[in-house]
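Pasted below: my_file07.pdb, PDB, C-alpha atoms.
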ATOM      1  CA  MET K  22     167.888 210.695 100.123  1.00  0.00           C
ATOM      2  CA  SER K  23     169.741 207.681  98.725  1.00  0.00           C
ATOM      3  CA  SER K  24     168.506 205.892  95.600  1.00  0.00           C
ATOM      4  CA  ARG K  25     167.835 202.742  97.677  1.00  0.00           C
ATOM      5  CA  THR K  26     165.724 204.776 100.111  1.00  0.00           C
ATOM      6  CA  VAL K  27     163.765 206.267  97.210  1.00  0.00           C
ATOM      7  CA  ARG K  28     163.136 202.827  95.698  1.00  0.00           C
ATOM      8  CA  VAL K  29     161.907 201.369  98.985  1.00  0.00           C
ATOM      9  CA  LEU K  30     159.676 204.383  99.644  1.00  0.00           C
ATOM     10  CA  VAL K  31     158.181 204.129  96.163  1.00  0.00           C
ATOM     11  CA  SER K  32     157.442 200.428  96.632  1.00  0.00           C
ATOM     12  CA  VAL K  33     155.802 201.022 100.014  1.00  0.00           C
ATOM     13  CA  LEU K  34     153.636 203.818  98.646  1.00  0.00           C
ATOM     14  CA  ALA K  35     152.746 201.696  95.624  1.00  0.00           C
ATOM     15  CA  GLY K  36     151.534 198.970  97.947  1.00  0.00           C
ATOM     16  CA  ALA K  37     149.233 201.493  99.566  1.00  0.00           C
ATOM     17  CA  GLY K  38     147.922 202.655  96.180  1.00  0.00           C
ATOM     18  CA  LEU K  39     149.754 205.983  96.412  1.00  0.00           C
ATOM     19  CA  THR K  40     152.324 207.702  94.226  1.00  0.00           C
ATOM     20  CA  LEU K  41     155.375 209.752  95.024  1.00  0.00           C
ATOM     21  CA  ALA K  42     155.490 213.139  93.369  1.00  0.00           C
ATOM     22  CA  ALA K  43     158.662 214.160  91.588  1.00  0.00           C
ATOM     23  CA  PRO K  44     160.787 216.758  93.446  1.00  0.00           C
ATOM     24  CA  THR K  45     159.797 220.334  92.737  1.00  0.00           C
ATOM     25  CA  ALA K  46     163.326 221.698  93.033  1.00  0.00           C
ATOM     26  CA  LEU K  47     166.255 220.007  91.312  1.00  0.00           C
ATOM     27  CA  PRO K  48     169.889 220.957  90.679  1.00  0.00           C
ATOM     28  CA  ALA K  49     170.371 223.030  87.570  1.00  0.00           C
ATOM     29  CA  VAL K  50     171.951 220.375  85.371  1.00  0.00           C
ATOM     30  CA  ALA K  51     170.985 219.136  81.946  1.00  0.00           C
ATOM     31  CA  ASN K  52     168.075 216.684  81.942  1.00  0.00           C
ATOM     32  CA  ALA K  53     167.988 216.684  85.776  1.00  0.00           C
ATOM     33  CA  SER K  54     164.189 216.679  85.817  1.00  0.00           C
ATOM     34  CA  SER K  55     163.963 213.659  83.521  1.00  0.00           C
ATOM     35  CA  ALA K  56     166.571 211.748  85.522  1.00  0.00           C
ATOM     36  CA  ALA K  57     164.756 212.397  88.792  1.00  0.00           C
ATOM     37  CA  VAL K  58     161.421 211.290  87.406  1.00  0.00           C
ATOM     38  CA  ALA K  59     163.009 208.147  85.963  1.00  0.00           C
ATOM     39  CA  GLU K  60     164.529 207.263  89.335  1.00  0.00           C
ATOM     40  CA  VAL K  61     161.240 207.779  91.166  1.00  0.00           C
ATOM     41  CA  SER K  62     159.370 205.748  88.566  1.00  0.00           C
ATOM     42  CA  ALA K  63     161.715 202.756  88.901  1.00  0.00           C
ATOM     43  CA  ALA K  64     160.807 200.525  91.822  1.00  0.00           C
ATOM     44  CA  ASP K  65     164.159 198.769  91.969  1.00  0.00           C
ATOM     45  CA  GLY K  66     167.622 198.895  90.453  1.00  0.00           C
ATOM     46  CA  CYS K  67     167.746 195.124  89.915  1.00  0.00           C
ATOM     47  CA  TYR K  68     164.373 194.026  88.576  1.00  0.00           C
ATOM     48  CA  THR K  69     160.943 195.647  88.582  1.00  0.00           C
ATOM     49  CA  TRP K  70     157.703 193.686  88.329  1.00  0.00           C
ATOM     50  CA  SER K  71     155.010 195.408  86.315  1.00  0.00           C
ATOM     51  CA  GLY K  72     151.921 193.540  87.474  1.00  0.00           C
ATOM     52  CA  THR K  73     150.411 191.015  89.841  1.00  0.00           C
ATOM     53  CA  LEU K  74     151.417 187.360  89.472  1.00  0.00           C
ATOM     54  CA  SER K  75     149.283 184.404  90.521  1.00  0.00           C
ATOM     55  CA  GLU K  76     148.788 180.721  89.810  1.00  0.00           C
ATOM     56  CA  GLY K  77     148.712 180.228  86.046  1.00  0.00           C
ATOM     57  CA  SER K  78     151.116 183.089  85.285  1.00  0.00           C
ATOM     58  CA  SER K  79     154.295 182.318  83.374  1.00  0.00           C
ATOM     59  CA  GLY K  80     157.378 183.949  81.929  1.00  0.00           C
ATOM     60  CA  GLU K  81     160.454 185.840  83.095  1.00  0.00           C
ATOM     61  CA  ALA K  82     158.587 187.781  85.771  1.00  0.00           C
ATOM     62  CA  VAL K  83     157.610 184.472  87.406  1.00  0.00           C
ATOM     63  CA  ARG K  84     161.146 183.118  87.113  1.00  0.00           C
ATOM     64  CA  GLN K  85     162.522 186.221  88.825  1.00  0.00           C
ATOM     65  CA  LEU K  86     159.960 185.806  91.605  1.00  0.00           C
ATOM     66  CA  GLN K  87     160.861 182.131  92.034  1.00  0.00           C
ATOM     67  CA  ILE K  88     164.495 183.038  92.616  1.00  0.00           C
ATOM     68  CA  ARG K  89     163.485 185.342  95.492  1.00  0.00           C
ATOM     69  CA  VAL K  90     161.172 182.791  97.148  1.00  0.00           C
ATOM     70  CA  ALA K  91     163.423 179.780  96.503  1.00  0.00           C
ATOM     71  CA  GLY K  92     164.070 179.560 100.232  1.00  0.00           C
ATOM     72  CA  TYR K  93     160.407 178.863 101.018  1.00  0.00           C
ATOM     73  CA  PRO K  94     159.600 175.550  99.281  1.00  0.00           C
ATOM     74  CA  GLY K  95     158.571 173.667 102.412  1.00  0.00           C
ATOM     75  CA  SER K  96     160.525 171.071 104.356  1.00  0.00           C
ATOM     76  CA  GLY K  97     162.542 168.719 102.170  1.00  0.00           C
ATOM     77  CA  SER K  98     161.485 170.372  98.922  1.00  0.00           C
ATOM     78  CA  GLN K  99     163.182 172.457  96.257  1.00  0.00           C
ATOM     79  CA  LEU K 100     161.336 175.013  94.147  1.00  0.00           C
ATOM     80  CA  ALA K 101     161.809 174.720  90.387  1.00  0.00           C
ATOM     81  CA  ILE K 102     163.040 177.960  88.793  1.00  0.00           C
ATOM     82  CA  ASP K 103     161.109 177.396  85.582  1.00  0.00           C
ATOM     83  CA  GLY K 104     158.945 180.466  85.037  1.00  0.00           C
ATOM     84  CA  GLN K 105     155.707 178.547  85.653  1.00  0.00           C
ATOM     85  CA  PHE K 106     153.528 179.757  88.535  1.00  0.00           C
ATOM     86  CA  GLY K 107     152.036 176.475  89.739  1.00  0.00           C
ATOM     87  CA  PRO K 108     150.887 175.210  93.157  1.00  0.00           C
ATOM     88  CA  ALA K 109     154.456 174.895  94.474  1.00  0.00           C
ATOM     89  CA  THR K 110     155.250 178.508  93.609  1.00  0.00           C
ATOM     90  CA  LYS K 111     151.985 179.667  95.166  1.00  0.00           C
ATOM     91  CA  ALA K 112     152.836 177.803  98.380  1.00  0.00           C
ATOM     92  CA  ALA K 113     156.355 179.296  98.404  1.00  0.00           C
ATOM     93  CA  VAL K 114     154.933 182.799  97.963  1.00  0.00           C
ATOM     94  CA  GLN K 115     152.525 182.143 100.838  1.00  0.00           C
ATOM     95  CA  ARG K 116     155.383 181.052 103.117  1.00  0.00           C
ATOM     96  CA  PHE K 117     157.375 184.133 102.131  1.00  0.00           C
ATOM     97  CA  GLN K 118     154.388 186.347 102.848  1.00  0.00           C
ATOM     98  CA  SER K 119     153.792 184.709 106.228  1.00  0.00           C
ATOM     99  CA  ALA K 120     157.467 185.040 107.148  1.00  0.00           C
ATOM    100  CA  TYR K 121     157.254 188.804 106.706  1.00  0.00           C
ATOM    101  CA  GLY K 122     153.793 189.412 108.135  1.00  0.00           C
ATOM    102  CA  LEU K 123     152.036 189.955 104.811  1.00  0.00           C
ATOM    103  CA  GLY K 124     148.632 188.659 103.794  1.00  0.00           C
ATOM    104  CA  ALA K 125     149.415 185.072 102.799  1.00  0.00           C
ATOM    105  CA  ASP K 126     147.196 184.619  99.759  1.00  0.00           C
ATOM    106  CA  GLY K 127     149.889 183.289  97.427  1.00  0.00           C
ATOM    107  CA  VAL K 128     149.341 186.166  95.009  1.00  0.00           C
ATOM    108  CA  ALA K 129     152.426 188.297  94.341  1.00  0.00           C
ATOM    109  CA  GLY K 130     151.347 191.911  94.217  1.00  0.00           C
ATOM    110  CA  PRO K 131     152.636 195.320  95.384  1.00  0.00           C
ATOM    111  CA  ALA K 132     153.091 194.359  99.043  1.00  0.00           C
ATOM    112  CA  THR K 133     155.047 191.207  98.184  1.00  0.00           C
ATOM    113  CA  PHE K 134     157.200 192.947  95.600  1.00  0.00           C
ATOM    114  CA  GLY K 135     157.723 195.867  97.978  1.00  0.00           C
ATOM    115  CA  LYS K 136     159.201 193.508 100.564  1.00  0.00           C
ATOM    116  CA  ILE K 137     161.446 191.920  97.937  1.00  0.00           C
ATOM    117  CA  TYR K 138     162.656 195.371  96.866  1.00  0.00           C
ATOM    118  CA  GLU K 139     163.570 196.081 100.480  1.00  0.00           C
ATOM    119  CA  LEU K 140     165.503 192.817 100.701  1.00  0.00           C
ATOM    120  CA  GLN K 141     167.615 193.041  97.559  1.00  0.00           C
ATOM    121  CA  ASP K 142     170.527 195.112  96.334  1.00  0.00           C
ATOM    122  CA  ASP K 143     170.959 196.523  92.854  1.00  0.00           C
ATOM    123  CA  ASP K 144     173.029 193.506  91.746  1.00  0.00           C
ATOM    124  CA  CYS K 145     170.031 191.284  92.614  1.00  0.00           C
ATOM    125  CA  SER K 146     171.753 189.650  95.591  1.00  0.00           C
ATOM    126  CA  PRO K 147     169.841 189.636  98.884  1.00  0.00           C
ATOM    127  CA  ALA K 148     170.781 192.362 101.345  1.00  0.00           C
ATOM    128  CA  ASN K 149     172.713 190.120 103.728  1.00  0.00           C
ATOM    129  CA  PHE K 150     174.801 188.138 101.236  1.00  0.00           C
ATOM    130  CA  GLU K 151     177.202 189.052  98.436  1.00  0.00           C
ATOM    131  CA  TYR K 152     178.510 187.328  95.335  1.00  0.00           C
ATOM    132  CA  GLY K 153     182.032 187.574  96.707  1.00  0.00           C
ATOM    133  CA  GLU K 154     181.110 185.394  99.677  1.00  0.00           C
ATOM    134  CA  LEU K 155     179.974 182.667  97.308  1.00  0.00           C
ATOM    135  CA  ASN K 156     183.169 182.673  95.253  1.00  0.00           C
ATOM    136  CA  ASN K 157     186.645 182.813  96.756  1.00  0.00           C
ATOM    137  CA  CYS K 158     188.071 180.783  93.854  1.00  0.00           C
ATOM    138  CA  ASN K 159     188.242 183.309  91.009  1.00  0.00           C
ATOM    139  CA  SER K 160     186.674 186.554  89.849  1.00  0.00           C
ATOM    140  CA  ASP K 161     184.710 185.401  86.814  1.00  0.00           C
ATOM    141  CA  TRP K 162     182.962 182.148  87.864  1.00  0.00           C
ATOM    142  CA  SER K 163     184.750 180.199  85.132  1.00  0.00           C
ATOM    143  CA  GLY K 164     186.210 176.719  85.080  1.00  0.00           C
ATOM    144  CA  GLY K 165     183.428 174.812  86.799  1.00  0.00           C
ATOM    145  CA  LYS K 166     181.164 172.053  85.533  1.00  0.00           C
ATOM    146  CA  VAL K 167     178.756 174.607  84.027  1.00  0.00           C
ATOM    147  CA  SER K 168     179.172 177.915  82.229  1.00  0.00           C
ATOM    148  CA  ALA K 169     180.271 180.922  84.265  1.00  0.00           C
ATOM    149  CA  ALA K 170     176.842 182.520  83.800  1.00  0.00           C
ATOM    150  CA  THR K 171     175.059 179.404  85.067  1.00  0.00           C
ATOM    151  CA  ALA K 172     177.375 179.061  88.068  1.00  0.00           C
ATOM    152  CA  ARG K 173     176.738 182.689  89.028  1.00  0.00           C
ATOM    153  CA  ALA K 174     172.986 182.272  88.541  1.00  0.00           C
ATOM    154  CA  ASN K 175     172.983 179.167  90.727  1.00  0.00           C
ATOM    155  CA  ALA K 176     174.895 181.073  93.403  1.00  0.00           C
ATOM    156  CA  LEU K 177     172.212 183.781  93.333  1.00  0.00           C
ATOM    157  CA  VAL K 178     169.524 181.197  94.103  1.00  0.00           C
ATOM    158  CA  THR K 179     171.717 179.824  96.896  1.00  0.00           C
ATOM    159  CA  MET K 180     172.011 183.298  98.420  1.00  0.00           C
ATOM    160  CA  TRP K 181     168.244 183.771  98.435  1.00  0.00           C
ATOM    161  CA  LYS K 182     167.850 180.409 100.158  1.00  0.00           C
ATOM    162  CA  LEU K 183     170.368 181.533 102.760  1.00  0.00           C
ATOM    163  CA  GLN K 184     168.495 184.823 103.177  1.00  0.00           C
ATOM    164  CA  ALA K 185     165.306 182.895 103.964  1.00  0.00           C
ATOM    165  CA  MET K 186     167.171 180.645 106.386  1.00  0.00           C
ATOM    166  CA  ARG K 187     168.781 183.654 108.080  1.00  0.00           C
ATOM    167  CA  HIS K 188     165.393 185.283 108.606  1.00  0.00           C
ATOM    168  CA  ALA K 189     163.907 182.071 110.002  1.00  0.00           C
ATOM    169  CA  MET K 190     166.800 181.852 112.487  1.00  0.00           C
ATOM    170  CA  GLY K 191     166.137 185.275 113.958  1.00  0.00           C
ATOM    171  CA  ASP K 192     168.044 187.358 111.410  1.00  0.00           C
ATOM    172  CA  LYS K 193     171.370 186.477 113.017  1.00  0.00           C
ATOM    173  CA  PRO K 194     174.298 186.701 110.576  1.00  0.00           C
ATOM    174  CA  ILE K 195     175.250 183.510 108.746  1.00  0.00           C
ATOM    175  CA  THR K 196     178.943 183.067 108.013  1.00  0.00           C
ATOM    176  CA  VAL K 197     179.747 181.856 104.502  1.00  0.00           C
ATOM    177  CA  ASN K 198     183.263 180.469 104.172  1.00  0.00           C
ATOM    178  CA  GLY K 199     183.088 179.446 100.531  1.00  0.00           C
ATOM    179  CA  GLY K 200     180.917 178.593  97.580  1.00  0.00           C
ATOM    180  CA  PHE K 201     181.702 178.168  93.882  1.00  0.00           C
ATOM    181  CA  ARG K 202     184.851 176.292  92.910  1.00  0.00           C
ATOM    182  CA  SER K 203     186.370 175.728  89.515  1.00  0.00           C
ATOM    183  CA  VAL K 204     187.497 172.171  88.804  1.00  0.00           C
ATOM    184  CA  THR K 205     191.035 173.261  89.687  1.00  0.00           C
ATOM    185  CA  CYS K 206     190.014 174.972  92.930  1.00  0.00           C
ATOM    186  CA  ASN K 207     187.959 171.936  93.897  1.00  0.00           C
ATOM    187  CA  SER K 208     190.896 169.627  93.289  1.00  0.00           C
ATOM    188  CA  ASN K 209     193.230 171.877  95.255  1.00  0.00           C
ATOM    189  CA  VAL K 210     191.066 171.643  98.381  1.00  0.00           C
ATOM    190  CA  GLY K 211     190.427 167.928  98.008  1.00  0.00           C
ATOM    191  CA  GLY K 212     186.755 168.320  97.084  1.00  0.00           C
ATOM    192  CA  ALA K 213     184.638 165.414  95.909  1.00  0.00           C
ATOM    193  CA  ALA K 214     184.831 164.657  92.185  1.00  0.00           C
ATOM    194  CA  ASN K 215     181.111 165.441  91.810  1.00  0.00           C
ATOM    195  CA  SER K 216     181.030 168.347  94.272  1.00  0.00           C
ATOM    196  CA  ARG K 217     178.108 170.698  93.826  1.00  0.00           C
ATOM    197  CA  HIS K 218     180.509 173.550  94.525  1.00  0.00           C
ATOM    198  CA  MET K 219     181.581 173.258  90.883  1.00  0.00           C
ATOM    199  CA  TYR K 220     178.021 174.092  89.789  1.00  0.00           C
ATOM    200  CA  GLY K 221     177.599 177.159  92.006  1.00  0.00           C
ATOM    201  CA  HIS K 222     174.885 175.427  94.037  1.00  0.00           C
ATOM    202  CA  ALA K 223     176.823 175.048  97.293  1.00  0.00           C
ATOM    203  CA  ALA K 224     177.960 177.053 100.308  1.00  0.00           C
ATOM    204  CA  ASP K 225     180.070 176.083 103.305  1.00  0.00           C
ATOM    205  CA  LEU K 226     178.894 177.737 106.512  1.00  0.00           C
ATOM    206  CA  GLY K 227     180.820 178.637 109.636  1.00  0.00           C
ATOM    207  CA  ALA K 228     179.324 177.990 113.061  1.00  0.00           C
ATOM    208  CA  GLY K 229     178.556 181.641 113.766  1.00  0.00           C
ATOM    209  CA  SER K 230     176.332 182.185 116.790  1.00  0.00           C
ATOM    210  CA  GLN K 231     173.943 179.425 115.732  1.00  0.00           C
ATOM    211  CA  GLY K 232     176.286 176.420 115.698  1.00  0.00           C
ATOM    212  CA  PHE K 233     176.799 173.851 112.961  1.00  0.00           C
ATOM    213  CA  CYS K 234     173.921 171.578 113.975  1.00  0.00           C
ATOM    214  CA  ALA K 235     171.338 174.364 114.141  1.00  0.00           C
ATOM    215  CA  LEU K 236     172.364 175.463 110.654  1.00  0.00           C
ATOM    216  CA  ALA K 237     172.166 171.932 109.280  1.00  0.00           C
ATOM    217  CA  LEU K 238     168.735 171.306 110.772  1.00  0.00           C
ATOM    218  CA  ALA K 239     167.339 174.653 109.636  1.00  0.00           C
ATOM    219  CA  ALA K 240     168.606 174.114 106.083  1.00  0.00           C
ATOM    220  CA  ARG K 241     166.080 171.295 105.638  1.00  0.00           C
ATOM    221  CA  ASN K 242     163.291 173.884 105.374  1.00  0.00           C
ATOM    222  CA  HIS K 243     164.900 176.202 102.851  1.00  0.00           C
ATOM    223  CA  GLY K 244     165.398 174.355  99.593  1.00  0.00           C
ATOM    224  CA  PHE K 245     168.742 172.649 100.197  1.00  0.00           C
ATOM    225  CA  THR K 246     168.823 169.143  98.772  1.00  0.00           C
ATOM    226  CA  GLU K 247     172.320 168.416 100.058  1.00  0.00           C
ATOM    227  CA  ILE K 248     173.174 169.071 103.712  1.00  0.00           C
ATOM    228  CA  LEU K 249     176.363 167.726 105.281  1.00  0.00           C
ATOM    229  CA  GLY K 250     177.394 168.529 108.830  1.00  0.00           C
ATOM    230  CA  PRO K 251     179.013 167.248 112.032  1.00  0.00           C
ATOM    231  CA  GLY K 252     179.480 163.508 112.047  1.00  0.00           C
ATOM    232  CA  TYR K 253     179.739 163.245 108.265  1.00  0.00           C
ATOM    233  CA  PRO K 254     183.363 162.649 107.205  1.00  0.00           C
ATOM    234  CA  GLY K 255     185.250 165.913 106.740  1.00  0.00           C
ATOM    235  CA  HIS K 256     182.398 168.108 107.967  1.00  0.00           C
ATOM    236  CA  ASP K 257     182.925 168.497 111.691  1.00  0.00           C
ATOM    237  CA  ASP K 258     184.253 172.026 111.143  1.00  0.00           C
ATOM    238  CA  HIS K 259     181.523 173.383 108.852  1.00  0.00           C
ATOM    239  CA  THR K 260     178.016 172.827 107.548  1.00  0.00           C
ATOM    240  CA  HIS K 261     177.715 172.294 103.804  1.00  0.00           C
ATOM    241  CA  VAL K 262     174.456 173.179 102.034  1.00  0.00           C
ATOM    242  CA  ALA K 263     173.623 172.884  98.354  1.00  0.00           C
ATOM    243  CA  GLY K 264     170.832 172.710  95.815  1.00  0.00           C
ATOM    244  CA  GLY K 265     170.681 170.516  92.748  1.00  0.00           C
ATOM    245  CA  ASP K 266     169.250 167.158  91.817  1.00  0.00           C
ATOM    246  CA  GLY K 267     168.582 164.387  94.308  1.00  0.00           C
ATOM    247  CA  ARG K 268     168.647 164.626  98.066  1.00  0.00           C
ATOM    248  CA  PHE K 269     171.353 163.666 100.533  1.00  0.00           C
ATOM    249  CA  TRP K 270     171.326 164.880 104.117  1.00  0.00           C
ATOM    250  CA  SER K 271     173.843 163.631 106.668  1.00  0.00           C
ATOM    251  CA  ALA K 272     174.856 165.202 109.960  1.00  0.00           C
ATOM    252  CA  PRO K 273     174.872 162.213 112.343  1.00  0.00           C
ATOM    253  CA  SER K 274     176.115 164.224 115.325  1.00  0.00           C
ATOM    254  CA  CYS K 275     173.038 166.432 114.895  1.00  0.00           C
ATOM    255  CA  GLY K 276     170.594 163.531 114.686  1.00  0.00           C
ATOM    256  CA  MET K 277     170.222 163.891 110.919  1.00  0.00           C
TER     257      MET K 277
END
Would you encode the structure as structure tokens?
Amino acid sequence: MSSRTVRVLVSVLAGAGLTLAAPTALPAVANASSAAVAEVSAADGCYTWSGTLSEGSSGEAVRQLQIRVAGYPGSGSQLAIDGQFGPATKAAVQRFQSAYGLGADGVAGPATFGKIYELQDDDCSPANFEYGELNNCNSDWSGGKVSAATARANALVTMWKLQAMRHAMGDKPITVNGGFRSVTCNSNVGGAANSRHMYGHAADLGAGSQGFCALALAARNHGFTEILGPGYPGHDDHTHVAGGDGRFWSAPSCGM
């Protein structure tokens, strides 16, 4: 059984109030028993929540949750990743729960975390998107308008927004043609001087099976404050989505 399978099984059983017993027979290697128990005890290789979160909670556990539900802020909104579980976070959790057929009470407990564990890989990226897709400029996320760590963190939020959008569009693959750009990379492709690509917030999407307009229109519901598509200068061949301050949506050929 793979480690990912074990983690998902543990999370599912935890949601049902059950536990998974450690294997009774293990290879004869040093500390094998301890290693097996540790793996079974860990719910996820990326991040494990240790308790229920609800309105009024705060701290890193809330911030980690907000990243995963960033794609469920409601139409035209963007969820703050601030570690404070307020009404907006509760509403985002409820939308996430509804999207996956869970009880939509806005309280993040075992069932909600279990679904998140199923959706994410050990590097914290969502199952259907990878860091490499969000950066075809360089390997270390350096040279942008923010630190490399911030650019990479912003790209992670962008991926979770795309994961939510993908699910809402029938779980059809979404093609990502680019994301983060250093100042040099941005200049080389003729990007805008204030492009959100240089902050790690942005992604350029290919038409895929959905089409550019469907992507642009769907993005309105998943936390993207900047959406540029067909009819906007230079965007007839892709749909651009981004987070960040302010809001600017323009895809005239799509009625937006």
Rank nothing, just name the residue among K:Gln231, K:Glu139, K:Asp258, K:Tyr93 nearest to Gly191 of chain K, using all atoms listed in the file.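 Using all atoms listed in the file, Gly191 of chain K sits closest to K:Gln231.
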Which polymer residues, whether protein, DNA or RNA, lie within 12 Å of the coordinate (157.0, 175.9, 92.8) when you count all atoms listed in the file? List them as a PyMOL selection string, using the chain letters and numbers from the file.
chain K and resi 75-79+83-84+86-95+98-116+127+244
Could you write out the selected residues, including C-alpha atoms, as a PDB file, in the frame of the given file?
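The new file out26.pdb reads:
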ATOM      1  CA  SER K  75     149.283 184.404  90.521  1.00  0.00           C
ATOM      2  CA  GLU K  76     148.788 180.721  89.810  1.00  0.00           C
ATOM      3  CA  GLY K  77     148.712 180.228  86.046  1.00  0.00           C
ATOM      4  CA  SER K  78     151.116 183.089  85.285  1.00  0.00           C
ATOM      5  CA  SER K  79     154.295 182.318  83.374  1.00  0.00           C
ATOM      6  CA  VAL K  83     157.610 184.472  87.406  1.00  0.00           C
ATOM      7  CA  ARG K  84     161.146 183.118  87.113  1.00  0.00           C
ATOM      8  CA  LEU K  86     159.960 185.806  91.605  1.00  0.00           C
ATOM      9  CA  GLN K  87     160.861 182.131  92.034  1.00  0.00           C
ATOM     10  CA  ILE K  88     164.495 183.038  92.616  1.00  0.00           C
ATOM     11  CA  ARG K  89     163.485 185.342  95.492  1.00  0.00           C
ATOM     12  CA  VAL K  90     161.172 182.791  97.148  1.00  0.00           C
ATOM     13  CA  ALA K  91     163.423 179.780  96.503  1.00  0.00           C
ATOM     14  CA  GLY K  92     164.070 179.560 100.232  1.00  0.00           C
ATOM     15  CA  TYR K  93     160.407 178.863 101.018  1.00  0.00           C
ATOM     16  CA  PRO K  94     159.600 175.550  99.281  1.00  0.00           C
ATOM     17  CA  GLY K  95     158.571 173.667 102.412  1.00  0.00           C
ATOM     18  CA  SER K  98     161.485 170.372  98.922  1.00  0.00           C
ATOM     19  CA  GLN K  99     163.182 172.457  96.257  1.00  0.00           C
ATOM     20  CA  LEU K 100     161.336 175.013  94.147  1.00  0.00           C
ATOM     21  CA  ALA K 101     161.809 174.720  90.387  1.00  0.00           C
ATOM     22  CA  ILE K 102     163.040 177.960  88.793  1.00  0.00           C
ATOM     23  CA  ASP K 103     161.109 177.396  85.582  1.00  0.00           C
ATOM     24  CA  GLY K 104     158.945 180.466  85.037  1.00  0.00           C
ATOM     25  CA  GLN K 105     155.707 178.547  85.653  1.00  0.00           C
ATOM     26  CA  PHE K 106     153.528 179.757  88.535  1.00  0.00           C
ATOM     27  CA  GLY K 107     152.036 176.475  89.739  1.00  0.00           C
ATOM     28  CA  PRO K 108     150.887 175.210  93.157  1.00  0.00           C
ATOM     29  CA  ALA K 109     154.456 174.895  94.474  1.00  0.00           C
ATOM     30  CA  THR K 110     155.250 178.508  93.609  1.00  0.00           C
ATOM     31  CA  LYS K 111     151.985 179.667  95.166  1.00  0.00           C
ATOM     32  CA  ALA K 112     152.836 177.803  98.380  1.00  0.00           C
ATOM     33  CA  ALA K 113     156.355 179.296  98.404  1.00  0.00           C
ATOM     34  CA  VAL K 114     154.933 182.799  97.963  1.00  0.00           C
ATOM     35  CA  GLN K 115     152.525 182.143 100.838  1.00  0.00           C
ATOM     36  CA  ARG K 116     155.383 181.052 103.117  1.00  0.00           C
ATOM     37  CA  GLY K 127     149.889 183.289  97.427  1.00  0.00           C
ATOM     38  CA  GLY K 244     165.398 174.355  99.593  1.00  0.00           C
TER      39      GLY K 244
END
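Checking K:Val262, K:Ala174, K:Leu123, K:Ile195 one by one against Ser146 of chain K, counting only C-alpha atoms, you find the shortest gap at K:Ala174.
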Using all atoms listed in the file, the shortest atom-to-atom distance to Gly229 of chain K among K:Ala272, K:Ala263, K:Ile248, K:Met190 belongs to K:Met190
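Residue neighbourhood of Arg217 of chain K, excluding near-sequence residues (fewer than 5 positions): K:His222, K:Ala223, K:Ala263, K:Gly264, K:Gly265, at 8 Å, using all atoms listed in the file.
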If you apply the PyMOL selection byres ((chain K and resi 68) around 12) to this file, what residues do you get, as a list in words?
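Applying the expression gives Arg28, Ala63, Ala64, Asp65, Gly66, Cys67, Thr69, Trp70, Ser71, Glu81, Ala82, Val83, Arg84, Gln85, Leu86, Ile88, Arg89, Phe134, Gly135, Ile137, Tyr138, Gln141, Asp142, Asp143, Asp144, Cys145 and Ser146 of chain K.
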Review point. So how far away is atom CA of Thr73 of chain K from atom CA of Val128 of chain K, in Å?
Key: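 Separating atom CA of Val128 of chain K from atom CA of Thr73 of chain K is a distance of 7.2 Å.
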May I have the residues within 9 Å of Gln184 of chain K as a list in words, using all atoms listed in the file and disregarding those fewer than 2 positions away in the same chain?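 Close residues of Gln184 of chain K: Gly92, Leu140, Pro147, Ala148, Asn149, Phe150, Thr179, Met180, Trp181, Lys182, Met186, Arg187, His188, Ala189, Asp192 and Ile195 of chain K.
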- Task: Tell me, in Å to one decimal, how far atom CA of His259 of chain K is from atom CA of Gly199 of chain K.
- Result: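 Computed distance, atom CA of His259 of chain K to atom CA of Gly199 of chain K, equals 10.4 Å.
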For this structure, which residues satisfy the selection - the PyMOL selection byres ((chain K and resi 176) around 9) - when it is evaluated on the file as given? I want them as a list in words.
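Given this file, the PyMOL selection byres ((chain K and resi 176) around 9) evaluates to Tyr152, Leu155, Asn156, Thr171, Ala172, Arg173, Ala174, Asn175, Leu177, Val178, Thr179, Met180, Trp181, Gly200, Phe201, Tyr220, Gly221, His222, Ala223 and Ala224 of chain K.
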Please write out, as JSON, where the centre of an axis-aligned box around all listed atoms of segment 200-215 of chain K lies and how long its edges are, in Å to one decimal, after adding 3 Å on each side.
{"center_x": 187.1, "center_y": 171.6, "center_z": 93.6, "size_x": 18.3, "size_y": 19.9, "size_z": 15.6}
Starting from the displayed file, determine the output of the PyMOL selection byres ((chain K and resi 159) around 9) and express the residue list as JSON, numbers by chain. {"K": [156, 157, 158, 160, 161, 162, 163, 201, 202, 203, 206]}
Atom-to-atom span, atom CA of Gly122 of chain K and atom CA of Ala237 of chain K, Å:
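Going from atom CA of Gly122 of chain K over to atom CA of Ala237 of chain K covers 25.4 Å.
In terms of minimum interatomic distance to Asn242 of chain K, K:Ala185 ranks closest within K:Gly153, K:Ser168, K:Asn209, K:Ala185, counting only C-alpha atoms.
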One residue among K:Ala120, K:Cys275, K:Ala170, K:Ala125 is nearest to Ala239 of chain K when using all atoms listed in the file, and that residue is K:Cys275
